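Asks: Here's a structure for you.
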Amino acid sequence: MTRTLAPLLIVLAATSPLAADPNTTQPQLPLDAYEAQNSLELHARCTAWLTQAEETIAQILPLASENNLPAARMKQAGQVNADLNQLIRNGRHLQWMGQPSGIDFERRGRYWKLSWDKVIEAYRALPAAQRTIEGIRNKMRQETARRQGQVKSLEQLVQAQKWQQAETFWYDQLTEWQAMICFLSPGEQQQILDPFQPAVAAMERAMEAIRRAEGRDALELRRQQVQPDFNQTLAAVDRLLADFEASGTAAVDGQSTDAAGLLRHLAERWKSDHVRLLAARALEWARGDVMQQDSPALPTIYSAGEQFSGEMCKRFERLIAAEARRARTSGDDAVLRQAYAACLQAVAPLLVRTDYAPLETSLRRALAAFTEQSFGLGEDVQSYELATGELLRWRRRVADARARQLMQEASDLRARLPAAARSQMQVRGLFTEQPTGRQAHLVGTAPEAVRLTANNLLGRPGSLGPVYQLGNSAGTGIARFEQRVYASFPLGELRGALDQAAGQLRGELLVDEQHPPLSLDAARALAAAQLGDAERVGGSVNDLAVEALVTRQATLPAAAWMLVPLGTLPAAHYPGRQVGNGGVDPALEQMQVRFSLQPAWAHTGYAVVELPAP
């Protein structure tokens with residue numbers, strides 16, 4: 001019946017909340033949307049058109065393939081035609097608002113139209129439908145004079161540049177017609193629609209310019225709302241540091257806080273601004289697409305973020321140095337040791353979840369101030385590093401070797417994605433058929449990409465890392481976002497094995513309630529173990545979802561800040577706008593994949609924990 005008819009005979013999923021993205025369980029879900037202008041409302045309407053159309057398609061298309069079209073469903077078939085045309089048109093509108101979901105809506109409308117035009121053609125030839133078709137033909141003949149008046153009315157609105165009124169006037173009428181005249185011959189349809197086309201073309205050009213301008217302004221406003229005020233953050237931090245330097249404490253949310261508490265507070269301020277900066281950058285990616293040019297604000301966003309990260313490193317160093325001075329001034333060795341241990345344990349979790357080298361350099365330099373003028377503590381730290389440093393090195397070597405063995409079967413999913421999601425024949429994925437070096441992008445539609453990728457990876461072993469426990473719960477882990485891939489999964493039984501490994505490491509590092517770790521390396525290793533983090537987790541792929549890069553980063557929850565580590569923003573996530581045949585895709589087409597794993601083993605850095613085979 002059509003080139004894609006056989007693959008299209010599928011079970012279509014019912015509608016679901018907007019928060020979900022197309023996944024292996026419900027590949028027909030729309031791509032998620034973010035809040036900007038009134039686009040969420042239009043996104044919801046497009047979802048309804050898509051859902052209504054696909055429900056009818058799922059019922060009628062198999063019958064069409066069997067040459068058994070039900071004449072009684074002809075009206076529904078016409079409504080599908082109207083819904084798909086609305087989906088295509090309003091999908092473009094969403095793109096002009098900066099919503100990646102608009103691309104998928106438009107393409108899904110065109111995807112189904114390829115098959116549905118054949119269904120409409122079959123209805124035209126169906127003997128039982130001829131009476132209905134003749135009725136449509138007579139109705140349109142009787143309304144010829146009325147249409148002539150409508151042409152003049154539309155032309156007058158266009159001449160007066162009342163573009164939005166003209167658009168409403170035209171598409172209200174067109175949508176009603178599209179459910180009927182699709183059953184007439186192409187020549188008859190042309191006779192009805194051609195008189196309107198000059199005015200419609202002028203109106204559509206004007207409305208695209210209007211919508212792009214509105215989308216540009218809305219995205220700029222939204223970006224200004226979410227973009228962090230780094231100067232304000234640094235000024236607030238400086239006030240806290242000044243109070244601490246003067247008195248040894250500072251008030252955070254009305255509570256007196258010591259150095260360790262302030263270090264954690266600084267980390268939270270940095271994380272919060274980091275997530276907001278990711279959102280601002282994503283909105284600028286979208287705005288560049290809407291404006292059809294590179295975003296003028298992106299260079300400023302990158303430079304401001306890098307400068308802020310550098311300034312925060314200086315504040316961490318300043319705070320630890322102030323605490324070291326306070327502790328040394330006390331003249332009490334116990335106070336000095338306690339302050340040193342508290343600072344170590346406060347900063348270690350942050351170092352576990354970000355690999356920003358300037359931060360570690362600043363922290364090591366600041367922590368040295370505790371020992372440089374304290375012979376007793378300095379000697380103990382040096383002895384502890386000698387006693388535990390070699391242990392950590394050998395533990396890592398053994399763990400790395402075992403992890404390499406496990407990865408021979410469960411290799412990195414990031415490296416496997418391009419091959420698994422590469423378009424094949426008529427099935428389109430996230431990469432073109434010919435390798436071009438492009439990053440994951442929407443070649444066709446999201447459901448196609450989900451099915452293709454799942455067919456190659458679902459149920460198979462794979463691994464990702466680094467992995468962090470999300471929030472304070474022991475139930476969920478997430479793998480860092482790199483190369484357009486991240487993961488979320490239940491830790492389940494693995495959590496118990498990780499706790500056992502943490503206890504063993506704690507004993508080997510000579511740590512108990514009275515004896516905290518004395519080196520930054522040991523403190524970081526213990527922090528990772530106690531948080532339940534891992535350098536890599538392997539298991540079987542039990543789910544995956546395709547997400548729009550812009551939307552995911554524009555809506556990243558604060559608790560998931562570690563998906564993109566603190567520090568400089570990686571420019572490679574979105575390499576730029578398409579220029580000629582340069583092979584770079586627009587921001588709204590940029591996609592990523594979220595995997596879900598059923599964990600079987602974890603490489604914690606200093607141990608590999610494995611669950612027994614089921």
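Ordering of the structure tokens sets the chain letters (A, B, ...), residue numbers begin anew at 1 in every chain, and ligands are numbered from 1 in the order given.
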Give me, as a PyMOL selection string, all polymer residues having an atom no more than 12 Å from Pro186 of chain A, counting only C-alpha atoms and skipping those fewer than 4 positions away in the same chain.

Replies: chain A and resi 117+120-121+124+181-182+190-194

Asks: Using N, CA and C atoms, can you export the residues from the last selection as a CSV table (one decimal), in the first residue's frame?

Replies:
```csv
chain,number,residue,atom,x,y,z
A,117,ASP,N,-2.4,9.2,3.1
A,117,ASP,CA,-2.8,9.7,1.8
A,117,ASP,C,-3.2,8.5,0.9
A,120,ILE,N,-6.7,7.5,2.1
A,120,ILE,CA,-7.7,8.4,1.5
A,120,ILE,C,-7.9,8.1,0.0
A,121,GLU,N,-6.8,7.7,-0.7
A,121,GLU,CA,-6.9,7.3,-2.1
A,121,GLU,C,-7.7,6.1,-2.3
A,124,ARG,N,-11.4,6.9,-2.0
A,124,ARG,CA,-11.9,7.5,-3.2
A,124,ARG,C,-12.4,6.4,-4.2
A,181,ILE,N,-12.6,17.6,1.8
A,181,ILE,CA,-12.2,17.6,0.5
A,181,ILE,C,-11.0,16.7,0.1
A,182,CYS,N,-10.4,16.1,1.2
A,182,CYS,CA,-9.4,15.2,0.9
A,182,CYS,C,-9.9,14.0,0.1
A,190,GLN,N,-7.7,21.4,-5.9
A,190,GLN,CA,-6.9,22.6,-6.4
A,190,GLN,C,-7.9,23.7,-6.7
A,191,GLN,N,-9.0,23.4,-7.3
A,191,GLN,CA,-10.0,24.4,-7.7
A,191,GLN,C,-10.5,25.2,-6.5
A,192,ILE,N,-10.7,24.4,-5.4
A,192,ILE,CA,-11.2,25.0,-4.2
A,192,ILE,C,-10.2,25.9,-3.5
A,193,LEU,N,-8.9,25.4,-3.4
A,193,LEU,CA,-7.9,26.1,-2.6
A,193,LEU,C,-7.1,27.1,-3.3
A,194,ASP,N,-6.9,27.0,-4.6
A,194,ASP,CA,-5.9,27.9,-5.4
A,194,ASP,C,-6.3,29.4,-5.2
```

Asks: What's around Ala279 of chain A at 10 Å? Count only C-alpha atoms, leave out sequence neighbours fewer than 4 positions away in its own chain, and write the answer as a list in words.

Replies: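 Contacts, with the query itself left out: Arg222, Arg223, Val226, Gln227, Pro228, Asp273, His274, Val275, Leu283, Glu284, Trp285, Val550, Thr551, Arg552, Gln553, Ala554, Thr555 and Leu556 of chain A.
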
Asks: List as a list in words the protein and nucleic acid residues near Gly378 of chain A, meaning an atom at most 12 Å away when only C-alpha atoms are counted, but skip any in the same chain fewer than 2 places from it.

Replies: Asp333, Leu336, Arg337, Tyr340, Leu367, Ala368, Ala369, Phe370, Thr371, Glu372, Gln373, Ser374, Phe375, Gly376, Asp380, Val381, Gln382, Ser383, Tyr384, Glu385, Leu518 and Ser519 of chain A

Asks: Would you please extract all helix (DSSP H, G or I) residues from segment 395-562 of chain A, as assigned by DSSP on the backbone, and give them as a PyMOL selection string?

Replies: chain A and resi 395-407+413-420+446-457+494-508+520-531+549-554+558-562

Asks: Pick out the closest residue to Ala403 of chain A from this set: A:Arg594, A:Arg422, A:Arg438, A:His603. Count only C-alpha atoms.

Replies: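 Ranking A:Arg594, A:Arg422, A:Arg438, A:His603 by distance to Ala403 of chain A, first place goes to A:His603.
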
Asks: Which is closer to Glu448 of chain A than all the others in A:Lys139, A:Arg107, A:Arg428, A:Arg269, using only C-alpha atoms?

Replies: A:Arg428

Asks: Determine, counting only C-alpha atoms, which protein, DNA and RNA residues have an atom within 12 Å of an atom of Tyr34 of chain A; residues of the same chain fewer than 2 positions away are not included. Present the result as a VMD selection string.

Replies: chain A and resid 18 to 20 31 to 32 36 to 44 94 97 to 102 219 222 279 282 to 283 286 548 to 556

Asks: Excluding segment 453-470 of chain A and its own-chain neighbours fewer than 6 positions away, which residues fall within 6 Å of it when counting only C-alpha atoms? Please give them as a VMD selection string.

Replies: chain A and resid 410 to 413 420 to 421 476 to 480 532 to 542

Asks: Can you tell me how far atom CA of Arg212 of chain A sits from atom CA of His93 of chain A, in Å to one decimal?

Replies: 8.6 Å

Asks: For segment 173-179 of chain A, list every protein, DNA or RNA residue within 9 Å, evaluated using only C-alpha atoms, and leave out those in the same chain fewer than 5 positions away; present the list as a ChimeraX atom specification.

Replies: /A:75-83,85-86,168,193

Asks: Would you mind exporting the chosen residues as an mmCIF file, in the first residue's frame, restricted to N, CA and C atoms?

Replies:
```
data_model
loop_
_atom_site.group_PDB
_atom_site.id
_atom_site.type_symbol
_atom_site.label_atom_id
_atom_site.label_comp_id
_atom_site.auth_asym_id
_atom_site.auth_seq_id
_atom_site.Cartn_x
_atom_site.Cartn_y
_atom_site.Cartn_z
ATOM 1 N N LYS A 75 -15.704 9.292 7.875
ATOM 2 C CA LYS A 75 -15.637 10.599 8.533
ATOM 3 C C LYS A 75 -14.437 10.672 9.465
ATOM 4 N N GLN A 76 -14.190 9.600 10.181
ATOM 5 C CA GLN A 76 -13.017 9.561 11.065
ATOM 6 C C GLN A 76 -11.727 9.654 10.260
ATOM 7 N N ALA A 77 -11.708 8.980 9.112
ATOM 8 C CA ALA A 77 -10.521 9.030 8.257
ATOM 9 C C ALA A 77 -10.255 10.451 7.793
ATOM 10 N N GLY A 78 -11.310 11.193 7.440
ATOM 11 C CA GLY A 78 -11.145 12.591 7.051
ATOM 12 C C GLY A 78 -10.641 13.445 8.191
ATOM 13 N N GLN A 79 -11.117 13.159 9.413
ATOM 14 C CA GLN A 79 -10.652 13.926 10.568
ATOM 15 C C GLN A 79 -9.181 13.669 10.840
ATOM 16 N N VAL A 80 -8.714 12.436 10.606
ATOM 17 C CA VAL A 80 -7.284 12.148 10.747
ATOM 18 C C VAL A 80 -6.487 13.026 9.795
ATOM 19 N N ASN A 81 -6.954 13.164 8.567
ATOM 20 C CA ASN A 81 -6.270 14.017 7.602
ATOM 21 C C ASN A 81 -6.164 15.445 8.121
ATOM 22 N N ALA A 82 -7.254 15.965 8.687
ATOM 23 C CA ALA A 82 -7.234 17.324 9.225
ATOM 24 C C ALA A 82 -6.303 17.425 10.423
ATOM 25 N N ASP A 83 -6.331 16.421 11.301
ATOM 26 C CA ASP A 83 -5.474 16.447 12.492
ATOM 27 C C ASP A 83 -3.999 16.403 12.114
ATOM 28 N N ASN A 85 -2.626 17.446 9.338
ATOM 29 C CA ASN A 85 -2.245 18.743 8.778
ATOM 30 C C ASN A 85 -2.068 19.791 9.873
ATOM 31 N N GLN A 86 -2.933 19.744 10.895
ATOM 32 C CA GLN A 86 -2.766 20.653 12.035
ATOM 33 C C GLN A 86 -1.464 20.365 12.769
ATOM 34 N N THR A 168 -6.325 33.188 11.646
ATOM 35 C CA THR A 168 -7.451 32.523 12.306
ATOM 36 C C THR A 168 -8.584 32.278 11.321
ATOM 37 N N LEU A 193 -8.914 25.442 -3.434
ATOM 38 C CA LEU A 193 -7.900 26.100 -2.595
ATOM 39 C C LEU A 193 -7.063 27.150 -3.329
#
```

Asks: Between A:Gly254, A:Gly215, A:Pro195, A:Gly429, which is the closest to Gln150 of chain A once you count only C-alpha atoms?

Replies: A:Pro195

Asks: When you count only C-alpha atoms, which of these residues is closest to Arg211 of chain A: A:Asn231, A:Gln95, A:Gln156, A:Gln165?

Replies: A:Gln95

Asks: Hey, can you check how far atom CA of Ala501 of chain A sits from atom CA of Pro565 of chain A?

Replies: 25.3 Å
